[in-house]
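Below is the file coords-v8.txt, which contains compact mmCIF, C-alpha atoms.
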```
# COMPACT_ATOMS: atom_id res chain seq x y z
CA MET Y 66 9.12 -28.20 19.76
CA ALA Y 67 9.00 -29.96 16.39
CA THR Y 68 5.51 -28.53 15.81
CA LEU Y 69 6.78 -25.05 16.62
CA ILE Y 70 9.66 -25.39 14.15
CA ARG Y 71 7.31 -26.65 11.44
CA TYR Y 72 4.89 -23.77 11.98
CA ALA Y 73 7.83 -21.31 11.90
CA LEU Y 74 8.89 -22.85 8.58
CA LEU Y 75 5.36 -22.55 7.22
CA LEU Y 76 5.17 -18.92 8.34
CA ALA Y 77 8.50 -18.01 6.74
CA THR Y 78 7.49 -19.77 3.52
CA THR Y 79 4.17 -17.93 3.53
CA ALA Y 80 5.96 -14.57 3.93
CA VAL Y 81 8.21 -15.32 0.97
CA LEU Y 82 5.34 -16.64 -1.18
CA GLN Y 83 3.20 -13.62 -0.33
CA ARG Y 84 5.93 -11.26 -1.55
CA LEU Y 85 7.13 -13.43 -4.41
CA LEU Y 86 3.85 -14.65 -5.83
CA LEU Y 87 0.56 -13.69 -4.20
CA ASP Y 88 1.12 -9.91 -4.19
CA GLN Y 89 2.02 -10.11 -7.91
CA ILE Y 90 -1.02 -12.10 -9.05
CA ARG Y 91 -3.96 -9.76 -8.57
CA ILE Y 92 -7.53 -10.27 -9.70
CA ALA Y 93 -9.40 -6.94 -9.90
CA ASP Y 94 -6.49 -5.43 -7.94
CA VAL Y 95 -7.02 -7.89 -5.09
CA ALA Y 96 -4.28 -10.26 -3.94
CA ALA Y 97 -4.81 -13.50 -2.05
CA ASP Y 98 -3.80 -13.26 1.62
CA GLY Y 99 -1.45 -16.15 2.38
CA PHE Y 100 -1.33 -15.33 6.10
CA LEU Y 101 -5.11 -15.49 6.32
CA VAL Y 102 -5.06 -18.83 4.47
CA LEU Y 103 -2.55 -20.19 6.99
CA SER Y 104 -4.65 -18.98 9.95
CA VAL Y 105 -7.93 -20.38 8.62
CA ALA Y 106 -6.39 -23.71 7.56
CA THR Y 107 -4.87 -24.12 11.04
CA GLY Y 108 -8.25 -23.39 12.63
CA VAL Y 109 -9.93 -25.94 10.36
CA VAL Y 110 -7.38 -28.70 11.03
CA ALA Y 111 -6.20 -28.08 14.59
CA GLY Y 112 -9.07 -26.24 16.28
CA SER Y 113 -9.90 -22.73 17.31
CA ARG Y 114 -7.21 -22.29 19.97
CA ARG Y 115 -4.35 -23.31 17.67
CA GLY Y 116 -5.98 -21.30 14.86
CA ALA Y 117 -5.95 -18.22 17.07
CA VAL Y 118 -2.29 -18.66 18.06
CA VAL Y 119 -1.07 -19.28 14.50
CA GLY Y 120 -3.41 -16.51 13.27
CA PHE Y 121 -1.83 -14.08 15.72
CA ALA Y 122 1.69 -14.99 14.54
CA ALA Y 123 0.70 -14.88 10.86
CA GLY Y 124 -1.08 -11.55 11.28
CA LEU Y 125 1.96 -10.15 13.04
CA ALA Y 126 4.08 -11.18 10.05
CA LEU Y 127 1.62 -9.36 7.77
CA ASP Y 128 1.79 -6.28 10.01
CA LEU Y 129 5.54 -6.18 9.44
CA MET Y 130 5.03 -5.99 5.67
CA VAL Y 131 2.33 -3.32 5.37
CA LEU Y 132 1.73 0.22 6.66
CA THR Y 133 -1.66 -0.31 8.30
CA PRO Y 134 -1.76 0.07 12.13
CA PHE Y 135 0.59 -2.45 13.73
CA GLY Y 136 -1.35 -5.23 15.45
CA LEU Y 137 -4.42 -4.94 13.22
CA GLY Y 138 -3.39 -7.92 11.09
CA ALA Y 139 -2.58 -9.95 14.22
CA LEU Y 140 -5.97 -9.20 15.75
CA SER Y 141 -8.00 -9.97 12.62
CA SER Y 142 -6.09 -13.17 11.72
CA LEU Y 143 -6.45 -14.33 15.32
CA VAL Y 144 -10.21 -13.88 15.02
CA ALA Y 145 -10.31 -15.61 11.61
CA GLY Y 146 -8.34 -18.62 12.92
CA ALA Y 147 -10.55 -18.92 16.00
CA VAL Y 148 -13.76 -18.59 13.97
CA ALA Y 149 -12.55 -21.26 11.51
CA GLY Y 150 -11.89 -23.67 14.36
CA SER Y 151 -15.27 -23.00 15.97
CA LEU Y 152 -17.19 -23.40 12.70
CA GLU Y 153 -15.35 -26.60 11.80
CA ARG Y 154 -16.24 -28.07 15.20
CA LEU Y 155 -19.92 -27.46 14.47
CA ILE Y 156 -19.75 -29.59 11.34
CA VAL Y 157 -20.73 -33.19 11.98
CA HIS Y 158 -20.18 -34.61 8.51
CA SER Y 159 -16.93 -33.37 7.00
CA ALA Y 160 -17.03 -32.54 3.29
CA ARG Y 161 -14.93 -30.50 0.92
CA THR Y 162 -17.77 -28.08 0.15
CA LEU Y 163 -18.33 -27.48 3.87
CA THR Y 164 -14.62 -26.74 4.34
CA LEU Y 165 -14.86 -24.27 1.46
CA ALA Y 166 -17.80 -22.60 3.18
CA VAL Y 167 -15.97 -22.50 6.52
CA GLY Y 168 -12.91 -21.03 4.79
CA PHE Y 169 -14.98 -18.36 3.07
CA ALA Y 170 -16.94 -17.42 6.21
CA SER Y 171 -13.87 -17.25 8.48
CA ALA Y 172 -11.87 -15.19 6.01
CA PHE Y 173 -14.85 -12.89 5.48
CA VAL Y 174 -15.08 -12.31 9.24
CA GLY Y 175 -11.31 -11.71 9.39
CA VAL Y 176 -11.30 -9.11 6.61
CA LEU Y 177 -14.42 -7.42 7.96
CA PHE Y 178 -12.87 -7.30 11.43
CA PHE Y 179 -9.70 -5.78 9.94
CA VAL Y 180 -11.67 -3.03 8.19
CA LEU Y 181 -14.03 -2.27 11.09
CA VAL Y 182 -11.36 -2.12 13.80
CA GLY Y 183 -9.02 -0.23 11.47
CA SER Y 184 -11.73 2.33 10.72
CA LEU Y 185 -12.60 2.67 14.41
CA LEU Y 186 -8.93 3.40 15.09
CA GLY Y 187 -8.99 6.19 12.51
CA GLY Y 188 -7.56 4.28 9.57
CA VAL Y 189 -8.72 6.38 6.61
CA GLY Y 190 -9.23 4.74 3.23
CA LEU Y 191 -10.06 1.25 4.47
CA VAL Y 192 -13.72 1.70 3.53
CA ASP Y 193 -14.06 2.74 -0.09
CA GLY Y 194 -15.66 1.57 -3.33
CA HIS Y 195 -13.14 -1.25 -3.67
CA LEU Y 196 -14.06 -2.85 -0.33
CA PRO Y 197 -16.93 -5.06 -1.66
CA VAL Y 198 -14.53 -6.57 -4.22
CA ILE Y 199 -11.98 -7.27 -1.47
CA LEU Y 200 -14.69 -8.73 0.78
CA LEU Y 201 -15.66 -11.10 -2.02
CA LEU Y 202 -12.32 -12.09 -3.53
CA VAL Y 203 -10.11 -12.47 -0.43
CA PRO Y 204 -12.50 -14.96 1.25
CA ALA Y 205 -13.01 -16.76 -2.09
CA THR Y 206 -9.27 -17.21 -2.69
CA THR Y 207 -8.78 -18.15 0.96
CA ALA Y 208 -11.48 -20.82 0.74
CA VAL Y 209 -9.88 -22.37 -2.35
CA LEU Y 210 -6.33 -22.26 -0.98
CA VAL Y 211 -7.31 -23.68 2.42
CA LEU Y 212 -7.96 -27.10 0.83
CA PRO Y 213 -4.34 -27.85 -0.19
CA VAL Y 214 -2.86 -25.98 2.79
CA ARG Y 215 -4.72 -28.33 5.19
CA ARG Y 216 -2.18 -31.03 4.23
CA LEU Y 217 0.69 -28.79 5.35
CA ILE Y 218 -1.04 -28.09 8.65
CA ARG Y 219 -1.53 -31.83 9.22
CA TRP Y 220 2.20 -32.24 8.56
CA ALA Y 221 2.98 -29.49 11.09
CA GLU Y 222 0.67 -31.08 13.66
CA ALA Y 223 1.86 -34.67 13.15
CA PRO Y 224 4.12 -36.13 15.88
CA SER Y 225 7.65 -36.38 14.54
CA ARG Y 226 9.73 -39.50 15.13
CA ALA Y 227 12.70 -38.08 13.29
CA LEU Y 228 12.88 -34.73 15.04
CA SER Y 229 11.81 -35.67 18.58
CA PRO Y 230 14.90 -37.65 19.69
CA ALA Y 231 17.21 -35.06 18.19
CA LEU Y 232 15.54 -32.22 20.03
CA ARG Y 233 15.28 -33.97 23.39
CA MET U 61 -6.27 -16.56 23.64
CA ILE U 62 -7.17 -13.60 25.86
CA LEU U 63 -3.46 -12.94 26.36
CA LEU U 64 -2.96 -12.80 22.58
CA LEU U 65 -5.95 -10.47 22.21
CA LEU U 66 -4.52 -8.15 24.84
CA THR U 67 -1.11 -8.25 23.15
CA ALA U 68 -2.67 -7.32 19.80
CA VAL U 69 -4.62 -4.46 21.38
CA THR U 70 -1.44 -3.25 23.14
CA LEU U 71 0.44 -3.29 19.82
CA LEU U 72 -2.40 -1.34 18.19
CA THR U 73 -2.28 1.22 20.98
CA LEU U 74 1.49 1.58 20.70
CA SER U 75 1.19 1.91 16.92
CA GLY U 76 -1.51 4.58 17.30
CA ARG U 77 0.76 6.54 19.60
CA GLY U 78 3.59 6.45 17.05
CA PHE U 79 5.85 4.05 18.98
CA GLY U 80 9.15 4.37 17.06
CA PRO U 81 10.64 0.87 17.48
CA LEU U 82 7.70 -0.67 15.56
CA ASP U 83 8.70 1.26 12.43
CA SER U 84 12.33 0.22 13.01
CA VAL U 85 11.29 -3.43 13.07
CA ARG U 86 9.25 -2.91 9.88
CA SER U 87 12.29 -1.31 8.21
CA ALA U 88 14.48 -4.23 9.26
CA VAL U 89 11.99 -6.73 7.85
CA GLY U 90 11.84 -4.65 4.66
CA SER U 91 15.63 -4.99 4.34
CA VAL U 92 15.45 -8.75 4.83
CA LEU U 93 12.65 -9.16 2.27
CA ALA U 94 14.22 -6.77 -0.28
CA PRO U 95 16.01 -9.57 -2.18
CA VAL U 96 12.71 -11.48 -2.26
CA GLY U 97 11.04 -8.44 -3.86
CA ASP U 98 13.82 -8.25 -6.44
CA ALA U 99 13.46 -11.96 -7.17
CA ALA U 100 9.69 -11.55 -7.52
CA SER U 101 10.11 -8.72 -9.98
CA TRP U 102 12.71 -10.68 -11.95
CA ALA U 103 10.74 -13.93 -11.94
CA THR U 104 7.36 -12.49 -12.91
CA ARG U 105 8.58 -10.07 -15.61
CA PRO U 106 8.74 -12.67 -18.44
CA PHE U 107 5.22 -13.87 -17.61
CA SER U 108 3.73 -10.38 -17.45
CA ASN U 109 5.55 -9.48 -20.69
CA ALA U 110 4.22 -12.64 -22.37
CA TRP U 111 0.72 -11.88 -21.10
CA ASP U 112 0.92 -8.33 -22.46
CA SER U 113 2.22 -9.59 -25.82
CA ALA U 114 -0.54 -12.16 -26.12
CA PHE U 115 -3.51 -10.12 -25.03
CA SER U 116 -2.55 -6.45 -25.35
CA HIS U 117 -0.79 -6.30 -28.73
CA ASP U 118 -3.27 -3.89 -30.35
CA ASP U 119 -3.31 -1.71 -27.26
CA LEU U 120 0.49 -1.62 -27.23
CA VAL U 121 0.65 -0.60 -30.90
CA ALA U 122 -1.88 2.16 -30.30
CA ALA U 123 -0.06 3.29 -27.18
CA ASN U 124 3.25 3.33 -29.04
CA GLN U 125 1.79 5.47 -31.83
CA ARG U 126 0.24 7.84 -29.30
CA LEU U 127 3.52 8.11 -27.40
CA GLN U 128 5.47 8.88 -30.57
CA GLU U 129 3.07 11.69 -31.41
CA GLU U 130 3.26 12.95 -27.86
CA ASN U 131 7.05 12.75 -27.95
CA ASP U 132 7.16 14.90 -31.10
CA ARG U 133 4.90 17.45 -29.47
CA LEU U 134 6.90 17.43 -26.23
CA GLN U 135 10.17 17.90 -28.09
CA GLY U 136 8.78 21.20 -29.27
CA GLN U 137 7.64 22.14 -25.80
CA VAL U 138 11.03 21.42 -24.21
CA THR U 139 12.52 24.60 -25.59
CA GLN U 140 9.53 26.65 -24.49
CA SER U 141 9.62 25.02 -21.04
CA ALA U 142 13.28 25.79 -20.53
CA ILE U 143 12.59 29.46 -21.19
CA ALA U 144 9.48 29.41 -18.99
CA THR U 145 11.36 27.65 -16.16
CA GLU U 146 14.10 30.23 -16.30
CA GLN U 147 11.53 33.01 -16.16
CA LEU U 148 9.70 31.33 -13.27
CA GLN U 149 12.92 30.91 -11.31
CA GLU U 150 13.70 34.58 -11.80
CA LEU U 151 10.21 35.55 -10.66
CA LEU U 152 10.32 33.27 -7.62
CA ALA U 153 13.74 34.60 -6.70
CA LEU U 154 12.33 38.13 -6.85
CA VAL U 155 9.68 37.29 -4.24
CA SER U 156 12.05 35.07 -2.22
CA ILE U 157 10.18 31.83 -2.82
CA PRO U 158 12.47 28.78 -3.09
CA PHE U 159 12.10 26.74 -6.26
CA VAL U 160 11.84 22.99 -5.79
CA GLY U 161 13.84 22.45 -8.98
CA ASP U 162 16.95 23.50 -7.05
CA THR U 163 16.47 20.84 -4.39
CA PRO U 164 18.54 17.70 -4.98
CA VAL U 165 16.65 14.50 -5.72
CA ALA U 166 17.46 10.79 -5.52
CA HIS U 167 16.50 9.00 -8.73
CA THR U 168 14.94 5.65 -7.88
CA ARG U 169 13.28 2.68 -9.53
CA VAL U 170 9.95 1.30 -8.34
CA VAL U 171 10.61 -2.36 -7.46
CA ALA U 172 7.33 -3.44 -5.88
CA GLY U 173 3.73 -2.35 -5.69
CA THR U 174 1.28 -2.42 -2.84
CA ALA U 175 1.72 -5.28 -0.36
CA GLY U 176 -1.61 -6.74 0.67
CA ASN U 177 -4.99 -5.24 -0.14
CA PHE U 178 -5.14 -2.13 2.02
CA GLY U 179 -3.10 1.05 1.67
CA ASP U 180 -1.54 2.51 -1.45
CA THR U 181 2.22 2.05 -1.30
CA VAL U 182 5.17 1.38 -3.58
CA GLU U 183 8.69 0.28 -2.78
CA LEU U 184 11.75 2.09 -4.18
CA ASP U 185 15.18 0.57 -4.79
CA LYS U 186 17.08 3.16 -2.72
CA GLY U 187 17.07 4.00 0.96
CA SER U 188 19.05 5.79 3.63
CA ASP U 189 22.32 5.02 1.83
CA ALA U 190 21.13 7.44 -0.89
CA GLY U 191 20.24 10.12 1.67
CA ILE U 192 16.54 9.29 1.78
CA GLU U 193 14.73 9.90 5.07
CA VAL U 194 11.21 9.35 6.36
CA GLY U 195 8.81 12.14 5.36
CA MET U 196 10.59 13.21 2.16
CA PRO U 197 8.31 14.00 -0.81
CA VAL U 198 8.30 11.68 -3.82
CA ILE U 199 7.62 13.01 -7.32
CA THR U 200 7.61 12.04 -10.97
CA GLY U 201 8.23 14.40 -13.87
CA ARG U 202 4.56 15.41 -13.67
CA GLY U 203 4.21 16.13 -9.97
CA LEU U 204 3.72 14.84 -6.42
CA ILE U 205 2.98 11.13 -5.97
CA GLY U 206 3.64 10.53 -2.28
CA ARG U 207 5.84 10.64 0.77
CA VAL U 208 8.45 8.27 2.20
CA ARG U 209 7.01 6.34 5.15
CA LEU U 210 9.66 3.69 5.87
CA VAL U 211 13.37 3.61 5.09
CA SER U 212 15.99 0.90 5.33
CA ALA U 213 19.53 1.05 3.98
CA SER U 214 18.59 0.04 0.46
CA ARG U 215 14.80 0.36 0.30
CA SER U 216 12.11 2.99 0.84
CA THR U 217 8.39 2.47 1.19
CA VAL U 218 6.30 5.30 -0.21
CA GLU U 219 2.77 6.13 0.89
CA LEU U 220 1.01 7.24 -2.29
CA VAL U 221 -0.88 10.52 -2.41
CA THR U 222 -4.09 8.65 -3.27
CA GLY U 223 -4.06 6.63 -0.03
CA GLY U 224 -6.69 7.56 2.50
CA GLY U 225 -4.25 8.68 5.17
CA PHE U 226 -2.36 11.14 2.99
CA LYS U 227 -2.76 14.88 3.59
CA VAL U 228 -0.97 17.77 1.90
CA GLY U 229 -1.40 21.52 2.22
CA PHE U 230 -1.96 23.18 -1.15
CA LEU U 231 -2.01 26.59 -2.78
CA VAL U 232 -4.08 27.49 -5.84
CA ILE U 233 -1.81 29.27 -8.30
CA GLY U 234 -2.85 32.83 -9.06
CA THR U 235 -4.82 33.18 -5.81
CA SER U 236 -4.17 33.25 -2.07
CA ALA U 237 -6.44 30.23 -1.58
CA VAL U 238 -4.90 27.52 0.54
CA GLY U 239 -6.38 24.25 1.76
CA VAL U 240 -5.68 20.65 2.67
CA ALA U 241 -5.91 17.89 0.05
CA GLN U 242 -6.53 14.28 1.01
CA GLY U 243 -6.71 11.01 -0.89
CA ASP U 244 -9.87 8.94 -0.70
CA GLY U 245 -8.86 5.84 -2.60
CA ASP U 246 -9.56 7.29 -6.07
CA PRO U 247 -6.38 6.60 -8.10
CA SER U 248 -6.48 9.87 -10.02
CA ARG U 249 -8.16 12.39 -7.77
CA LEU U 250 -7.75 14.15 -4.39
CA ARG U 251 -10.30 16.02 -2.35
CA GLY U 252 -9.31 19.51 -1.20
CA ALA U 253 -10.99 21.17 1.76
CA ASN U 254 -10.73 24.09 4.20
CA ILE U 255 -10.56 26.77 1.47
CA ASP U 256 -11.77 30.16 2.66
CA ILE U 257 -14.92 30.98 0.66
CA ALA U 258 -13.65 34.56 0.32
CA GLN U 259 -10.90 33.21 -1.94
CA PRO U 260 -12.66 32.33 -5.19
CA VAL U 261 -11.27 29.34 -7.08
CA THR U 262 -12.39 27.99 -10.43
CA GLU U 263 -12.15 24.76 -12.41
CA GLY U 264 -8.88 24.29 -14.27
CA GLN U 265 -6.72 26.28 -11.87
CA ILE U 266 -3.37 24.71 -10.99
CA VAL U 267 -2.75 23.39 -7.47
CA VAL U 268 0.74 23.13 -5.95
CA THR U 269 2.09 22.29 -2.49
CA ALA U 270 1.74 25.30 -0.23
CA GLY U 271 4.91 24.74 1.79
CA LEU U 272 3.61 26.85 4.64
CA ARG U 273 5.53 26.98 7.92
CA GLY U 274 5.57 23.52 9.52
CA SER U 275 4.50 21.81 6.30
CA SER U 276 5.86 18.36 5.45
CA PHE U 277 6.40 19.46 1.84
CA PRO U 278 8.43 22.17 0.13
CA PRO U 279 6.43 24.77 -1.82
CA ASN U 280 5.57 24.65 -5.52
CA ILE U 281 5.51 20.94 -6.23
CA PRO U 282 2.72 20.53 -8.82
CA ILE U 283 -0.19 18.42 -7.54
CA GLY U 284 -2.94 18.76 -10.15
CA SER U 285 -5.72 20.96 -11.44
CA ILE U 286 -9.13 21.74 -9.97
CA ALA U 287 -11.85 19.56 -11.50
CA SER U 288 -14.85 20.85 -9.56
CA VAL U 289 -15.68 23.34 -6.82
CA ARG U 290 -18.39 23.17 -4.13
CA SER U 291 -19.10 26.00 -1.71
CA ASP U 292 -20.67 25.74 1.72
CA ASP U 293 -22.00 29.18 2.62
CA ALA U 294 -22.84 28.11 6.16
CA ALA U 295 -19.33 26.86 6.89
CA ARG U 296 -17.77 29.69 4.83
CA GLN U 297 -15.57 27.11 3.15
CA SER U 298 -15.12 25.62 -0.30
CA THR U 299 -14.14 22.07 -1.19
CA VAL U 300 -12.59 21.06 -4.51
CA ASP U 301 -11.81 17.89 -6.44
CA ILE U 302 -8.26 17.88 -7.76
CA ASP U 303 -7.28 15.84 -10.82
CA LEU U 304 -3.73 14.63 -10.23
CA TYR U 305 -1.07 15.44 -12.81
CA ALA U 306 1.03 12.39 -11.93
CA SER U 307 -0.35 8.91 -12.34
CA THR U 308 0.17 6.61 -9.39
CA ARG U 309 -0.55 3.51 -11.48
CA ASP U 310 2.15 1.50 -13.27
CA LEU U 311 4.98 3.57 -11.82
CA THR U 312 8.45 2.65 -13.05
CA TYR U 313 10.64 5.48 -11.80
CA ALA U 314 10.26 8.10 -9.10
CA ASP U 315 12.40 10.86 -7.61
CA VAL U 316 12.71 11.43 -3.88
CA VAL U 317 13.15 15.13 -3.11
CA LEU U 318 15.94 15.29 -0.54
CA TRP U 319 14.13 17.93 1.48
CA LYS U 320 13.48 17.88 5.19
CA ALA U 321 10.74 19.82 6.93
CA ALA U 322 11.99 22.48 9.32
CA ASN U 323 11.36 21.48 12.93
```
So that I can check it, write out the structure of this file as structure tokens.
Amino acid sequence: MATLIRYALLLATTAVLQRLLLDQIRIADVAADGFLVLSVATGVVAGSRRGAVVGFAAGLALDLMVLTPFGLGALSSLVAGAVAGSLERLIVHSARTLTLAVGFASAFVGVLFFVLVGSLLGGVGLVDGHLPVILLLVPATTAVLVLPVRRLIRWAEAPSRALSPALR
Amino acid sequence: MILLLLTAVTLLTLSGRGFGPLDSVRSAVGSVLAPVGDAASWATRPFSNAWDSAFSHDDLVAANQRLQEENDRLQGQVTQSAIATEQLQELLALVSIPFVGDTPVAHTRVVAGTAGNFGDTVELDKGSDAGIEVGMPVITGRGLIGRVRLVSASRSTVELVTGGGFKVGFLVIGTSAVGVAQGDGDPSRLRGANIDIAQPVTEGQIVVTAGLRGSSFPPNIPIGSIASVRSDDAARQSTVDIDLYASTRDLTYADVVLWKAAN
């Protein structure tokens, strides 16, 4: 229960930060995707199953804020979270550079999945000249932001002595 | 995980079929996040102003000079325009064509740009409380910029004309040529198609909304001018590139035309 509350807090904070900060700071008209960062970081820290669940919830939150087909964000973030968890499990020796690579690869798969499924569903305008820039910058920003966000995921996953008795 | 996948696919299917409650939920979330958008705009303005001052001073001086010259020129054109508008209204009245200038508009301020990285949208500071409804056209002083897609009590989300999913029926002034214009991600240009090849069109001709029966837009809203024409003799159709009059970048204000399509 405590974990659920912490993830809910993280999700709400991400939604506010996305609107307040990330959507405003654009490099080459590309904004970092906080929901994707949350999904990938969860996959990296807590495994593919948890990454998929949190990715689904985070993607759903994104779907509520944009006009692309509803459910597309949930599906792609779910995939990104699951891929991050699977890739991280393959790594024997943990290192920061490897986490960066996992973050980049998972986010790349997530964005690509978003565009491909969206286009298959008739979403016009997802594939244009700007797509290569998005496919480069969103995974890059995700990879960088995953490093500090891992701490927050560890906090969300940690057993709580303070909250547990109160919620029993 | 399979259950979540199925749920996501179900949501996508419902969305594709135009399931109404999903848009209602989006509108509700838009209302909740509206103060956050305001705070973002307020908090980031000093930084963006400082950035502009530090790195764009010469550009700003040049832009200011250009705008002053343009203002002087426009002052002179105002008088001519007033006369021309009056004449146009008289002419349109003679042939029973409604003039969009008579339709009431809601003056709004653009409070947020595109959320995320896909889809061209802006958020306006007025919503259903100001009489705005889904589907209403959005214009600037220069012409069409989009259509209202989501409305809450105090906010509207506008799908910009340059977004890939946007379609508008158009008429080429001075001809009977009609077609459908669609955005393709280019911020200043639309692609027009389905023009009967028997209706010759040329570069520079003005394009306005057609407002045909069943159209989502009233007639005679300026869209842009024809930049290039390509003809396909086999298909007996022409396609055109349309340079937009209105810029969809750095929007500050926009008017929502309080016009509803006839059912």
Closest contacts (chain Y/chain U, max 8 Å, only C-alpha atoms) as a tab-separated table:
```
residue	atom	partner	partner_atom	distance
Y:Val81	CA	U:Val96	CA	6.7
Y:Arg84	CA	U:Gly97	CA	6.3
Y:Leu85	CA	U:Ala100	CA	4.4
Y:Leu86	CA	U:Ala100	CA	6.8
Y:Asp88	CA	U:Ala175	CA	6.0
Y:Gln89	CA	U:Thr104	CA	7.7
Y:Asp94	CA	U:Asn177	CA	7.9
Y:Val95	CA	U:Asn177	CA	6.0
Y:Ala96	CA	U:Asn177	CA	6.3
Y:Ala97	CA	U:Gly176	CA	8.0
Y:Asp98	CA	U:Gly176	CA	6.9
Y:Arg114	CA	U:Met61	CA	6.9
Y:Ala117	CA	U:Met61	CA	6.8
Y:Val118	CA	U:Met61	CA	7.2
Y:Phe121	CA	U:Leu64	CA	7.1
Y:Leu129	CA	U:Arg86	CA	5.0
Y:Met130	CA	U:Arg86	CA	6.7
Y:Val131	CA	U:Ala175	CA	6.1
Y:Leu132	CA	U:Gly179	CA	7.0
Y:Thr133	CA	U:Gly179	CA	6.9
Y:Pro134	CA	U:Ser75	CA	5.9
Y:Phe135	CA	U:Ser75	CA	5.4
Y:Gly136	CA	U:Leu72	CA	4.9
Y:Leu137	CA	U:Leu72	CA	6.5
Y:Ala139	CA	U:Ala68	CA	6.2
Y:Leu140	CA	U:Ala68	CA	5.6
Y:Leu143	CA	U:Leu65	CA	7.9
Y:Leu186	CA	U:Gly76	CA	7.8
Y:Gly188	CA	U:Gly225	CA	7.0
Y:Val189	CA	U:Gly224	CA	4.7
Y:Gly190	CA	U:Gly224	CA	3.9
Y:Leu191	CA	U:Phe178	CA	6.5
Y:Asp193	CA	U:Gly245	CA	6.6
Y:Ile199	CA	U:Asn177	CA	7.4
```
Grab the CA of Ile192 in chain U to CA of Pro279 in chain U distance for me, in Å with one decimal place. 18.8 Å
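One finds CA of Glu183 in chain U at 27.1 Å from CA of Leu210 in chain Y.
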Could you please determine the separation between CA of Ser298 in chain U and CA of Val221 in chain U in Å, to one decimal place? 20.9 Å
Taking 3 positions as the minimum chain separation for residues in the same chain, which residues sit within 7 Å of range 212-225 of chain Y when counting all atoms listed in the file? Answer as a CSV table (one decimal) with C-alpha atoms, in the frame of the given file.
```
chain,number,residue,atom,x,y,z
Y,67,ALA,CA,9.0,-30.0,16.4
Y,68,THR,CA,5.5,-28.5,15.8
Y,71,ARG,CA,7.3,-26.6,11.4
Y,72,TYR,CA,4.9,-23.8,12.0
Y,106,ALA,CA,-6.4,-23.7,7.6
Y,107,THR,CA,-4.9,-24.1,11.0
Y,110,VAL,CA,-7.4,-28.7,11.0
Y,209,VAL,CA,-9.9,-22.4,-2.4
Y,228,LEU,CA,12.9,-34.7,15.0
Y,229,SER,CA,11.8,-35.7,18.6
```
Neighbours of Val144 in chain Y within 8 Å (only C-alpha atoms; same-chain residues fewer than 5 positions away dropped), as a ChimeraX atom specification? /Y:117,120,174-175,178
Do you know which residues are at most 10 Å from Ala295 in chain U counting all atoms listed in the file, after dropping those on the same chain fewer than 5 positions away, and could you put them as number ranges by chain? U: 254, 256-257
Do a neighbour search on Ile283 in chain U at 7 Å with all atoms listed in the file, toss out local chain neighbours closer than 4 positions, and write the hits as JSON, numbers by chain. {"U": [203, 204, 267, 268, 269, 304, 305]}
Quick one: residues within 8 Å of Gly99 in chain Y, only C-alpha atoms, excluding same-chain residues fewer than 5 positions away - as a PyMOL selection string? chain Y and resi 79-80+82-83+87+207
Using 5 Å of padding on each side, determine the axis-aligned box around all atoms of range 108-118 of chain Y present in the file and give its centre and edge lengths in Å to one decimal, as AutoDock Vina command-line options.
```
--center_x -6.1 --center_y -23.5 --center_z 15.2 --size_x 17.6 --size_y 20.5 --size_z 19.6
```
